[in-house]
$ cat input.csv   # CSV, C-alpha atoms
chain,number,residue,atom,x,y,z
A,1,MET,CA,37.1,14.1,18.7
A,2,ARG,CA,37.6,14.9,15.0
A,3,VAL,CA,35.5,12.5,13.0
A,4,LEU,CA,35.3,12.2,9.3
A,5,PHE,CA,32.5,10.2,7.6
A,6,GLN,CA,33.4,8.8,4.2
A,7,GLY,CA,30.5,8.9,1.7
A,8,ALA,CA,27.8,11.5,1.4
A,9,GLY,CA,25.0,9.0,1.5
A,10,ALA,CA,22.4,8.2,4.1
A,11,ILE,CA,24.7,6.6,6.7
A,12,GLY,CA,27.5,9.2,6.3
A,13,ILE,CA,25.3,12.3,6.5
A,14,ALA,CA,23.0,10.9,9.2
A,15,GLY,CA,26.0,9.7,11.3
A,16,ALA,CA,27.6,13.1,11.0
A,17,ALA,CA,24.4,14.8,12.1
A,18,LEU,CA,24.2,12.5,15.2
A,19,PHE,CA,27.8,13.3,16.2
A,20,THR,CA,27.9,17.0,15.4
A,21,ASP,CA,26.7,18.4,18.7
A,22,ASP,CA,29.7,17.0,20.6
A,23,HIS,CA,32.5,16.6,18.1
A,24,HIS,CA,34.2,18.3,15.1
A,25,VAL,CA,32.6,16.4,12.3
A,26,ALA,CA,32.5,16.5,8.5
A,27,VAL,CA,31.4,14.2,5.6
A,28,VAL,CA,33.8,13.7,2.7
A,29,SER,CA,32.6,13.0,-0.8
A,30,ARG,CA,34.7,11.7,-3.7
A,31,THR,CA,33.3,14.4,-6.0
A,32,PRO,CA,35.8,17.3,-6.2
A,33,ALA,CA,34.4,20.7,-4.9
A,34,PRO,CA,35.9,24.2,-4.8
A,35,ARG,CA,34.8,24.6,-1.2
A,36,PRO,CA,32.8,22.9,1.5
A,37,ARG,CA,29.1,22.9,1.3
A,38,ALA,CA,26.3,22.4,3.7
A,39,VAL,CA,23.4,19.8,3.8
A,40,TYR,CA,20.5,19.7,6.2
A,41,PRO,CA,19.6,16.2,7.3
A,42,ARG,CA,16.5,16.0,9.5
A,43,ARG,CA,15.9,13.8,12.5
A,44,VAL,CA,12.3,12.9,12.5
A,45,SER,CA,9.9,11.4,14.9
A,46,VAL,CA,7.0,10.3,12.7
A,47,LEU,CA,7.0,9.4,9.0
A,48,ASP,CA,4.6,8.0,6.4
A,49,SER,CA,4.9,7.2,2.8
A,50,SER,CA,2.8,10.0,1.3
A,51,GLY,CA,3.2,13.8,0.9
A,52,THR,CA,4.4,16.6,-1.2
A,53,GLN,CA,7.6,18.6,-1.5
A,54,CYS,CA,9.2,20.1,1.5
A,55,PRO,CA,11.9,22.8,1.7
A,56,VAL,CA,15.2,21.9,3.4
A,57,GLY,CA,17.2,23.9,5.8
A,58,PRO,CA,16.8,25.9,9.0
A,59,ALA,CA,13.3,27.2,9.5
A,60,GLY,CA,12.3,25.6,6.2
A,61,ARG,CA,14.9,27.5,4.2
A,62,GLY,CA,16.8,25.5,1.6
A,63,PRO,CA,20.5,26.2,1.0
A,64,ARG,CA,21.1,28.0,-2.3
A,65,ASP,CA,24.3,28.0,-4.4
A,66,GLY,CA,26.9,30.0,-2.5
A,67,ASP,CA,24.8,30.0,0.7
A,68,LEU,CA,26.4,27.4,2.9
A,69,GLY,CA,25.3,28.6,6.4
A,70,ASP,CA,27.1,30.3,9.2
A,71,ASP,CA,29.4,27.5,9.9
A,72,ILE,CA,31.2,27.9,6.5
A,73,ASP,CA,33.9,30.5,6.3
A,74,ASP,CA,33.4,32.2,2.9
A,75,ALA,CA,36.9,33.4,2.5
A,76,SER,CA,38.8,30.3,3.4
A,77,GLY,CA,36.3,27.6,2.6
A,78,SER,CA,36.9,26.1,6.0
A,79,TRP,CA,34.3,25.4,8.7
A,80,SER,CA,34.0,26.0,12.4
A,81,GLY,CA,31.4,25.9,15.1
A,82,ALA,CA,28.4,23.6,15.8
A,83,PRO,CA,25.6,23.2,13.2
A,84,ALA,CA,22.2,24.8,13.9
A,85,ASP,CA,19.4,22.9,15.6
A,86,THR,CA,16.0,24.0,14.4
A,87,GLU,CA,12.6,22.7,15.5
A,88,VAL,CA,10.2,22.2,12.6
A,89,SER,CA,6.9,20.4,12.4
A,90,GLY,CA,4.2,19.7,9.9
A,91,GLN,CA,6.6,19.4,6.9
A,92,ALA,CA,6.4,16.9,4.1
A,93,ALA,CA,8.5,15.6,1.2
A,94,ARG,CA,7.6,13.4,-1.7
A,95,GLY,CA,7.9,9.8,-0.6
A,96,TRP,CA,8.2,10.7,3.1
A,97,SER,CA,5.5,12.6,4.9
A,98,VAL,CA,7.1,14.2,7.9
A,99,THR,CA,4.5,14.8,10.6
A,100,GLU,CA,7.0,15.7,13.2
A,101,VAL,CA,10.6,16.9,12.6
A,102,ALA,CA,12.6,16.7,15.8
A,103,SER,CA,15.5,18.8,14.6
A,104,THR,CA,17.4,19.9,11.6
A,105,ARG,CA,21.2,19.7,11.6
A,106,ARG,CA,23.7,21.5,9.3
A,107,VAL,CA,26.4,19.1,8.2
A,108,THR,CA,29.5,20.0,6.3
A,109,VAL,CA,30.4,18.1,3.1
A,110,THR,CA,33.8,18.5,1.6
A,111,ASP,CA,36.1,16.6,-0.8
A,112,TRP,CA,39.4,14.8,0.0
A,113,VAL,CA,41.5,17.8,-0.7
A,114,GLY,CA,39.5,19.8,1.8
A,115,ALA,CA,39.6,17.0,4.3
A,116,ARG,CA,43.4,16.8,4.2
A,117,GLU,CA,43.7,20.6,4.4
A,118,ALA,CA,41.4,20.6,7.5
A,119,GLY,CA,44.1,18.8,9.5
A,120,ARG,CA,44.4,15.5,11.2
A,121,TRP,CA,41.3,13.3,11.9
A,122,ASP,CA,41.1,11.0,14.9
A,123,LEU,CA,38.6,8.6,13.2
A,124,ILE,CA,37.3,7.9,9.7
A,125,VAL,CA,34.0,6.0,9.4
A,126,LEU,CA,33.6,4.2,6.1
A,127,SER,CA,30.0,4.0,4.8
A,128,THR,CA,31.3,2.1,1.8
A,129,ARG,CA,32.4,-1.5,1.9
A,130,PRO,CA,36.3,-1.6,1.8
A,131,GLY,CA,36.3,-3.6,-1.4
A,132,ASP,CA,34.0,-1.2,-3.1
A,133,LEU,CA,36.1,1.9,-2.4
A,134,ASP,CA,37.4,3.7,-5.5
A,135,PRO,CA,41.2,3.3,-5.6
A,136,THR,CA,41.7,7.0,-5.5
A,137,VAL,CA,39.5,7.2,-2.4
A,138,ALA,CA,41.3,4.3,-0.7
A,139,SER,CA,44.6,6.1,-1.4
A,140,ALA,CA,43.2,9.4,0.0
A,141,ILE,CA,42.2,7.6,3.2
A,142,ARG,CA,45.7,6.2,3.6
A,143,THR,CA,47.1,9.7,3.0
A,144,THR,CA,45.1,11.2,5.9
A,145,ARG,CA,47.0,8.8,8.3
A,146,ALA,CA,44.0,8.6,10.6
A,147,PRO,CA,44.9,6.3,13.5
A,148,VAL,CA,41.5,4.6,13.6
A,149,ILE,CA,39.2,3.5,10.7
A,150,ALA,CA,35.7,2.1,11.4
A,151,ILE,CA,33.8,0.0,8.9
A,152,THR,CA,30.0,-0.2,8.9
A,153,SER,CA,29.8,-3.2,6.6
A,154,GLN,CA,29.1,-6.5,8.3
A,155,VAL,CA,29.8,-8.7,5.3
A,156,ASP,CA,32.0,-11.6,6.1
A,157,GLY,CA,35.6,-10.8,5.2
A,158,ASP,CA,35.2,-7.1,5.0
A,159,LEU,CA,37.0,-6.5,8.3
A,160,ASP,CA,40.1,-8.4,7.0
A,161,ARG,CA,39.9,-6.5,3.7
A,162,ALA,CA,40.0,-3.2,5.6
A,163,ARG,CA,42.9,-4.3,7.7
A,164,THR,CA,44.8,-5.2,4.5
A,165,GLN,CA,43.9,-2.0,2.7
A,166,PHE,CA,44.8,0.2,5.7
A,167,PRO,CA,47.7,-1.5,7.5
A,168,ASP,CA,48.8,1.6,9.3
A,169,ALA,CA,45.4,2.2,11.0
A,170,GLU,CA,43.6,0.3,13.7
A,171,VAL,CA,40.4,-1.0,12.2
A,172,VAL,CA,37.1,-1.4,14.2
A,173,VAL,CA,33.5,-2.3,13.4
A,174,PHE,CA,30.7,0.2,13.8
A,175,GLY,CA,27.2,-1.2,13.8
A,176,PRO,CA,24.7,1.6,13.0
A,177,ALA,CA,21.9,1.8,15.6
A,178,PHE,CA,19.7,4.2,13.6
A,179,VAL,CA,17.5,4.2,10.5
A,180,SER,CA,18.3,6.6,7.6
A,181,GLU,CA,17.5,7.0,3.9
A,182,ARG,CA,18.5,9.4,1.2
A,183,VAL,CA,15.7,10.7,-1.0
A,184,ALA,CA,16.7,10.3,-4.6
A,185,ASP,CA,18.3,13.3,-6.4
A,186,GLY,CA,15.8,15.7,-7.8
A,187,GLU,CA,12.9,14.7,-5.6
A,188,VAL,CA,13.2,17.8,-3.5
A,189,GLU,CA,14.0,21.4,-4.6
A,190,THR,CA,17.5,21.3,-3.2
A,191,GLY,CA,18.5,17.8,-4.6
A,192,ARG,CA,19.7,15.3,-2.0
A,193,GLU,CA,18.0,15.1,1.3
A,194,VAL,CA,18.6,12.7,4.2
A,195,ARG,CA,16.1,11.9,6.9
A,196,TYR,CA,16.9,9.6,9.9
A,197,TRP,CA,15.5,8.3,13.1
A,198,ALA,CA,17.5,7.2,16.2
A,199,PRO,CA,16.0,5.7,19.4
A,200,PRO,CA,16.0,8.3,22.1
A,201,GLY,CA,18.8,7.8,24.7
A,202,ALA,CA,20.4,4.9,22.8
A,203,PRO,CA,23.9,4.7,21.4
A,204,ARG,CA,24.3,5.6,17.7
A,205,PHE,CA,26.8,2.9,16.9
A,206,LEU,CA,27.7,-0.4,18.5
A,207,ILE,CA,31.5,-0.9,18.3
A,208,ASN,CA,33.9,-3.8,18.4
A,209,GLY,CA,37.6,-4.2,17.9
A,210,ARG,CA,40.8,-4.4,19.8
A,211,ARG,CA,40.1,-3.6,23.5
A,212,GLU,CA,42.5,-0.7,23.9
A,213,THR,CA,41.2,1.0,20.7
A,214,VAL,CA,37.6,0.5,21.7
A,215,THR,CA,38.2,1.8,25.2
A,216,HIS,CA,39.8,4.9,23.7
A,217,LEU,CA,36.9,5.5,21.3
A,218,ALA,CA,34.3,5.0,24.0
A,219,HIS,CA,36.1,7.5,26.2
A,220,GLY,CA,36.4,10.0,23.4
A,221,LEU,CA,32.9,9.6,21.8
A,222,GLY,CA,31.0,9.0,25.1
A,223,ARG,CA,27.3,8.2,24.9
A,224,LEU,CA,27.3,8.0,21.1
A,225,VAL,CA,28.9,4.5,21.0
A,226,MET,CA,28.6,1.3,23.0
A,227,PRO,CA,31.4,-1.3,23.1
A,228,VAL,CA,29.9,-4.8,22.6
A,229,PRO,CA,31.2,-8.3,21.9
A,230,HIS,CA,31.5,-9.1,18.2
A,231,ALA,CA,28.5,-11.5,18.3
A,232,VAL,CA,26.2,-8.6,19.3
A,233,ILE,CA,27.1,-6.9,16.0
A,234,ALA,CA,27.5,-9.9,13.9
A,235,LEU,CA,24.5,-12.1,14.8
A,236,PRO,CA,21.5,-9.7,14.2
A,237,PRO,CA,22.2,-9.5,10.4
A,238,THR,CA,22.1,-13.3,10.2
A,239,VAL,CA,18.6,-13.1,11.6
A,240,PHE,CA,17.1,-10.3,9.6
A,241,ILE,CA,19.0,-10.2,6.3
A,242,PRO,CA,17.3,-13.4,5.0
A,243,TYR,CA,14.0,-11.5,5.5
A,244,VAL,CA,15.5,-8.5,3.7
A,245,ALA,CA,16.4,-10.8,0.9
A,246,GLU,CA,12.9,-12.2,0.7
A,247,LEU,CA,11.5,-8.7,0.6
A,248,THR,CA,13.9,-7.8,-2.2
A,249,ILE,CA,12.9,-10.9,-4.2
A,250,GLY,CA,9.3,-9.8,-3.9
A,251,ASP,CA,10.2,-6.3,-5.2
A,252,GLY,CA,9.7,-4.7,-1.8
A,253,ASN,CA,6.2,-6.0,-1.3
A,254,TRP,CA,5.7,-6.1,2.5
A,255,ALA,CA,2.4,-8.0,2.3
A,256,GLN,CA,4.0,-10.7,0.2
A,257,LEU,CA,6.9,-11.0,2.7
A,258,THR,CA,4.6,-11.4,5.7
A,259,SER,CA,2.7,-14.2,3.8
A,260,HIS,CA,5.8,-16.0,2.7
A,261,LEU,CA,7.9,-16.3,5.8
A,262,ASP,CA,8.8,-20.0,5.6
A,263,ARG,CA,11.9,-19.7,3.4
A,264,PRO,CA,13.5,-16.7,5.1
A,265,ALA,CA,12.9,-18.4,8.5
A,266,ARG,CA,14.8,-21.5,7.3
A,267,ALA,CA,17.5,-19.3,5.8
A,268,ALA,CA,17.9,-17.3,9.0
A,269,ALA,CA,18.3,-20.5,11.0
A,270,GLU,CA,20.9,-21.8,8.5
A,271,ALA,CA,22.8,-18.5,8.7
A,272,VAL,CA,22.8,-18.4,12.6
A,273,ARG,CA,23.9,-22.0,12.7
A,274,ALA,CA,26.8,-21.4,10.3
A,275,ARG,CA,27.8,-18.1,11.9
A,276,SER,CA,27.6,-19.1,15.6
A,277,GLY,CA,27.9,-22.9,15.6
A,278,LEU,CA,24.8,-23.2,17.7
A,279,PRO,CA,22.7,-26.3,16.9
A,280,VAL,CA,19.7,-24.2,15.7
A,281,PRO,CA,17.0,-26.4,14.1
A,282,THR,CA,16.7,-25.6,10.4
A,283,SER,CA,13.9,-27.9,9.3
A,284,ALA,CA,10.8,-26.7,7.6
A,285,GLY,CA,8.6,-28.2,10.4
A,286,VAL,CA,10.4,-26.1,13.1
A,287,ALA,CA,10.2,-23.0,10.8
A,288,ARG,CA,6.5,-23.3,10.4
A,289,ALA,CA,5.8,-24.1,14.1
A,290,VAL,CA,8.2,-21.7,15.8
A,291,SER,CA,10.1,-19.3,13.5
A,292,VAL,CA,7.3,-18.1,11.2
A,293,PRO,CA,4.9,-17.1,14.0
A,294,LEU,CA,7.8,-15.4,15.9
A,295,ALA,CA,8.9,-13.6,12.8
A,296,ARG,CA,5.3,-12.5,12.0
A,297,ALA,CA,5.0,-11.1,15.6
A,298,VAL,CA,8.3,-9.2,15.3
A,299,LEU,CA,7.4,-7.7,11.9
A,300,GLY,CA,4.0,-6.7,13.3
A,301,THR,CA,5.7,-5.0,16.3
A,302,MET,CA,8.0,-3.1,14.0
A,303,GLU,CA,5.0,-1.8,12.0
A,304,THR,CA,3.4,-0.6,15.3
A,305,LEU,CA,6.3,0.8,17.2
A,306,LEU,CA,8.8,2.3,14.8
A,307,PRO,CA,8.0,5.9,14.0
A,308,ILE,CA,8.5,5.3,10.2
A,309,ASP,CA,6.4,3.5,7.6
A,310,VAL,CA,8.6,0.4,7.7
A,311,THR,CA,6.5,-1.3,5.1
A,312,SER,CA,7.6,1.1,2.4
A,313,TYR,CA,11.0,2.1,3.9
A,314,ALA,CA,12.4,-1.4,4.0
A,315,GLY,CA,11.7,-2.2,0.4
A,316,ARG,CA,13.2,1.1,-0.8
A,317,HIS,CA,16.2,1.0,1.4
A,318,PHE,CA,17.3,-2.6,1.0
A,319,GLY,CA,16.4,-2.6,-2.7
A,320,ARG,CA,19.4,-0.3,-3.1
A,321,HIS,CA,21.8,-2.7,-1.5
A,322,VAL,CA,21.0,-6.0,-3.3
A,323,GLY,CA,24.7,-6.7,-3.8
A,324,GLN,CA,25.5,-6.5,-0.2
A,325,THR,CA,22.6,-8.6,0.8
A,326,ARG,CA,23.7,-11.3,-1.7
A,327,ASP,CA,27.3,-11.2,-0.5
A,328,MET,CA,26.1,-11.8,3.1
A,329,LEU,CA,23.9,-14.7,2.1
A,330,THR,CA,26.8,-16.2,0.1
A,331,GLY,CA,29.2,-15.9,3.0
A,332,TRP,CA,26.8,-17.8,5.3
A,333,ALA,CA,26.0,-20.4,2.7
A,334,ALA,CA,29.7,-21.1,2.2
A,335,ALA,CA,30.1,-21.8,5.9
A,336,ALA,CA,26.9,-23.8,6.3
A,337,THR,CA,26.6,-27.6,6.2
A,338,ALA,CA,23.3,-27.7,4.3
A,339,PRO,CA,22.4,-24.2,3.2
A,340,THR,CA,19.3,-25.2,1.2
A,341,ALA,CA,17.2,-22.1,1.9
A,342,LEU,CA,20.1,-19.8,1.6
A,343,ARG,CA,21.0,-21.1,-1.8
A,344,GLU,CA,17.3,-20.8,-2.9
A,345,GLN,CA,17.4,-17.2,-1.9
A,346,ILE,CA,20.6,-16.5,-3.7
A,347,ALA,CA,19.2,-18.0,-6.9
A,348,ALA,CA,16.0,-16.1,-6.5
A,349,LEU,CA,17.9,-12.8,-6.0
A,350,ASP,CA,19.9,-13.5,-9.1
A,351,ALA,CA,16.8,-14.3,-11.1
A,352,SER,CA,15.1,-11.1,-9.8
A,353,ALA,CA,18.1,-9.0,-10.8
A,354,ALA,CA,18.3,-10.6,-14.2
A,355,GLY,CA,14.6,-9.9,-14.7
A,356,ALA,CA,15.1,-6.2,-13.7
A,357,ILE,CA,18.0,-5.9,-16.2
A,358,GLY,CA,16.1,-7.6,-18.9

$ encode --input "input.csv" --output "structure tokens"
Amino acid sequence: MRVLFQGAGAIGIAGAALFTDDHHVAVVSRTPAPRPRAVYPRRVSVLDSSGTQCPVGPAGRGPRDGDLGDDIDDASGSWSGAPADTEVSGQAARGWSVTEVASTRRVTVTDWVGAREAGRWDLIVLSTRPGDLDPTVASAIRTTRAPVIAITSQVDGDLDRARTQFPDAEVVVFGPAFVSERVADGEVETGREVRYWAPPGAPRFLINGRRETVTHLAHGLGRLVMPVPHAVIALPPTVFIPYVAELTIGDGNWAQLTSHLDRPARAAAEAVRARSGLPVPTSAGVARAVSVPLARAVLGTMETLLPIDVTSYAGRHFGRHVGQTRDMLTGWAAAATAPTALREQIAALDASAAGAIG
């Protein structure tokens, strides 16, 4: 299939890298460019939070201006062929020490003019929330006339917003099943760099939507996606986002989060009850007796099993998405009968943001 990822951030670039072996894939950025360029996201096996600079690109070679790799046609600015796959180990970058790089992918990044000139796309995956799209980008997406548009946002109401924005397309939900982060501009020699980790053998996205559309995508994309009921995509965020919110309130301090689990446990119970209608106990007593020990065990398992330093990654990653976290909490609070802990978290997030601005 021909798949276009909107947004040259961590989700878009990592998603493209995961799809690129089996499909014709590109990432589109809203920044105009005279020709496509190449970026080199790395799939890693082990990360930690220390290290020094690391060159990017096949065999450790970073792309230079005008050097976009073999998949870019210098005369036409178009692209063809599959990106290179290079085994690398023992590399490191500031903020992420890469002790084992499983592979390096070459991903093509173009602008909307280039994306239209490249022909018709079967699927566009939005890494930006529908309501946050620049009007010119939303217009460009409509101009492509892609038959299917997937949103990665799981904020209440965003699916309906996407359907309103793109009435001529079938809209589905893609739930990412991988971890990715973009290193800040200027932290490596070549500027932006994306690293990601995906569970071996697992699908890269969980998908939900109209049955016929989902069946078509599952047939075309194969092992990369897994059709699931909407609850399988929708319910996990109601469990973990309150903990993300608490981590953000504590300025990314993992130790503080693990010692202050009572409020996020109550907020998660309120969110699940509001979202699913299940009679989940939301009292402080149940949180202390059941939810907090369970949450502490899960967080400890994540620290042990995930091949990344989740204690530093989580604070950095979710600290960049405070607005989305707040919107999710707000949606659940609006649907809840007694959202005491959710409202406390929203107020604390607002106070934290005001303090950061001040």

$ atom_distance --input "input.csv" --atom1 "atom CA of Pro242 of chain A" --atom2 "atom CA of Ala333 of chain A"
11.4 Å

$ residues_around --input "input.csv" --residues "Thr337 of chain A" --least-positions-apart "5" --cutoff "10 Å" --atoms "only C-alpha atoms" --output "PyMOL selection string"
chain A and resi 270+273-274+332

$ closest_residue --input "input.csv" --among "A:Glu181, A:Asp327, A:Glu170, A:Asp350" --to "Thr248 of chain A" --atoms "all atoms listed in the file"
A:Asp350

$ closest_residue --input "input.csv" --among "A:Ile13, A:Ala341, A:Leu329, A:Leu159" --to "Val25 of chain A" --atoms "all atoms listed in the file"
A:Ile13

$ residues_around --input "input.csv" --residues "segment 117-132 of chain A" --least-positions-apart "4" --cutoff "10 Å" --atoms "only C-alpha atoms" --output "PDB file with C-alpha atoms, in the frame of the given file"
ATOM      1  CA  MET A   1      37.100  14.100  18.700  1.00  0.00           C
ATOM      2  CA  ARG A   2      37.600  14.900  15.000  1.00  0.00           C
ATOM      3  CA  VAL A   3      35.500  12.500  13.000  1.00  0.00           C
ATOM      4  CA  LEU A   4      35.300  12.200   9.300  1.00  0.00           C
ATOM      5  CA  PHE A   5      32.500  10.200   7.600  1.00  0.00           C
ATOM      6  CA  GLN A   6      33.400   8.800   4.200  1.00  0.00           C
ATOM      7  CA  GLY A   7      30.500   8.900   1.700  1.00  0.00           C
ATOM      8  CA  ALA A   8      27.800  11.500   1.400  1.00  0.00           C
ATOM      9  CA  GLY A   9      25.000   9.000   1.500  1.00  0.00           C
ATOM     10  CA  ALA A  10      22.400   8.200   4.100  1.00  0.00           C
ATOM     11  CA  ILE A  11      24.700   6.600   6.700  1.00  0.00           C
ATOM     12  CA  GLY A  12      27.500   9.200   6.300  1.00  0.00           C
ATOM     13  CA  ILE A  13      25.300  12.300   6.500  1.00  0.00           C
ATOM     14  CA  GLY A  15      26.000   9.700  11.300  1.00  0.00           C
ATOM     15  CA  ALA A  16      27.600  13.100  11.000  1.00  0.00           C
ATOM     16  CA  HIS A  24      34.200  18.300  15.100  1.00  0.00           C
ATOM     17  CA  VAL A  25      32.600  16.400  12.300  1.00  0.00           C
ATOM     18  CA  ALA A  26      32.500  16.500   8.500  1.00  0.00           C
ATOM     19  CA  VAL A  27      31.400  14.200   5.600  1.00  0.00           C
ATOM     20  CA  VAL A  28      33.800  13.700   2.700  1.00  0.00           C
ATOM     21  CA  GLY A  77      36.300  27.600   2.600  1.00  0.00           C
ATOM     22  CA  SER A  78      36.900  26.100   6.000  1.00  0.00           C
ATOM     23  CA  TRP A  79      34.300  25.400   8.700  1.00  0.00           C
ATOM     24  CA  THR A 110      33.800  18.500   1.600  1.00  0.00           C
ATOM     25  CA  TRP A 112      39.400  14.800   0.000  1.00  0.00           C
ATOM     26  CA  VAL A 113      41.500  17.800  -0.700  1.00  0.00           C
ATOM     27  CA  ALA A 138      41.300   4.300  -0.700  1.00  0.00           C
ATOM     28  CA  ILE A 141      42.200   7.600   3.200  1.00  0.00           C
ATOM     29  CA  THR A 144      45.100  11.200   5.900  1.00  0.00           C
ATOM     30  CA  ARG A 145      47.000   8.800   8.300  1.00  0.00           C
ATOM     31  CA  ALA A 146      44.000   8.600  10.600  1.00  0.00           C
ATOM     32  CA  PRO A 147      44.900   6.300  13.500  1.00  0.00           C
ATOM     33  CA  VAL A 148      41.500   4.600  13.600  1.00  0.00           C
ATOM     34  CA  ILE A 149      39.200   3.500  10.700  1.00  0.00           C
ATOM     35  CA  ALA A 150      35.700   2.100  11.400  1.00  0.00           C
ATOM     36  CA  ILE A 151      33.800   0.000   8.900  1.00  0.00           C
ATOM     37  CA  THR A 152      30.000  -0.200   8.900  1.00  0.00           C
ATOM     38  CA  SER A 153      29.800  -3.200   6.600  1.00  0.00           C
ATOM     39  CA  GLN A 154      29.100  -6.500   8.300  1.00  0.00           C
ATOM     40  CA  VAL A 155      29.800  -8.700   5.300  1.00  0.00           C
ATOM     41  CA  GLY A 157      35.600 -10.800   5.200  1.00  0.00           C
ATOM     42  CA  ASP A 158      35.200  -7.100   5.000  1.00  0.00           C
ATOM     43  CA  LEU A 159      37.000  -6.500   8.300  1.00  0.00           C
ATOM     44  CA  ASP A 160      40.100  -8.400   7.000  1.00  0.00           C
ATOM     45  CA  ARG A 161      39.900  -6.500   3.700  1.00  0.00           C
ATOM     46  CA  ALA A 162      40.000  -3.200   5.600  1.00  0.00           C
ATOM     47  CA  ARG A 163      42.900  -4.300   7.700  1.00  0.00           C
ATOM     48  CA  THR A 164      44.800  -5.200   4.500  1.00  0.00           C
ATOM     49  CA  GLN A 165      43.900  -2.000   2.700  1.00  0.00           C
ATOM     50  CA  PHE A 166      44.800   0.200   5.700  1.00  0.00           C
ATOM     51  CA  ALA A 169      45.400   2.200  11.000  1.00  0.00           C
ATOM     52  CA  GLU A 170      43.600   0.300  13.700  1.00  0.00           C
ATOM     53  CA  VAL A 171      40.400  -1.000  12.200  1.00  0.00           C
ATOM     54  CA  VAL A 172      37.100  -1.400  14.200  1.00  0.00           C
ATOM     55  CA  VAL A 173      33.500  -2.300  13.400  1.00  0.00           C
ATOM     56  CA  PHE A 174      30.700   0.200  13.800  1.00  0.00           C
ATOM     57  CA  LEU A 217      36.900   5.500  21.300  1.00  0.00           C
ATOM     58  CA  GLY A 220      36.400  10.000  23.400  1.00  0.00           C
ATOM     59  CA  GLN A 324      25.500  -6.500  -0.200  1.00  0.00           C
TER      60      GLN A 324
END

$ residues_around --input "input.csv" --residues "Arg211 of chain A" --least-positions-apart "2" --cutoff "12 Å" --atoms "all atoms listed in the file" --output "list in words"
Glu170, Val171, Val172, Ile207, Asn208, Gly209, Thr213, Val214, Thr215, His216, Leu217, Ala218, Pro227, Val228, Pro229 and His230 of chain A

$ atom_distance --input "input.csv" --atom1 "atom CA of Phe178 of chain A" --atom2 "atom CA of Glu246 of chain A"
21.9 Å

$ atom_distance --input "input.csv" --atom1 "atom CA of Thr340 of chain A" --atom2 "atom CA of Gly252 of chain A"
22.8 Å

$ closest_atom_pairs --input "input.csv" --of "segment 256-292 of chain A" --to "segment 298-322 of chain A" --cutoff "12 Å" --atoms "only C-alpha atoms" --output "Markdown table"
| residue | atom | partner | partner_atom | distance |
| --- | --- | --- | --- | --- |
| A:Gln256 | CA | A:Thr311 | CA | 10.9 |
| A:Leu257 | CA | A:Leu299 | CA | 9.8 |
| A:Thr258 | CA | A:Leu299 | CA | 7.7 |
| A:Ser259 | CA | A:Leu299 | CA | 11.4 |
| A:Leu261 | CA | A:Leu299 | CA | 10.6 |
| A:Ser291 | CA | A:Val298 | CA | 10.4 |
| A:Val292 | CA | A:Val298 | CA | 9.8 |

$ residues_around --input "input.csv" --residues "Asp262 of chain A" --least-positions-apart "6" --cutoff "10 Å" --atoms "all atoms listed in the file" --output "PyMOL selection string"
chain A and resi 243+284-289+291-293+295+341

$ closest_residue --input "input.csv" --among "A:Arg116, A:Arg105, A:Arg266, A:Arg296" --to "Ala338 of chain A" --atoms "all atoms listed in the file"
A:Arg266

$ closest_residue --input "input.csv" --among "A:Leu133, A:Ala177, A:Ala14, A:Ala351" --to "Arg106 of chain A" --atoms "all atoms listed in the file"
A:Ala14

$ closest_residue --input "input.csv" --among "A:Gly222, A:Pro199, A:Gly331, A:Pro176" --to "His23 of chain A" --atoms "only C-alpha atoms"
A:Gly222
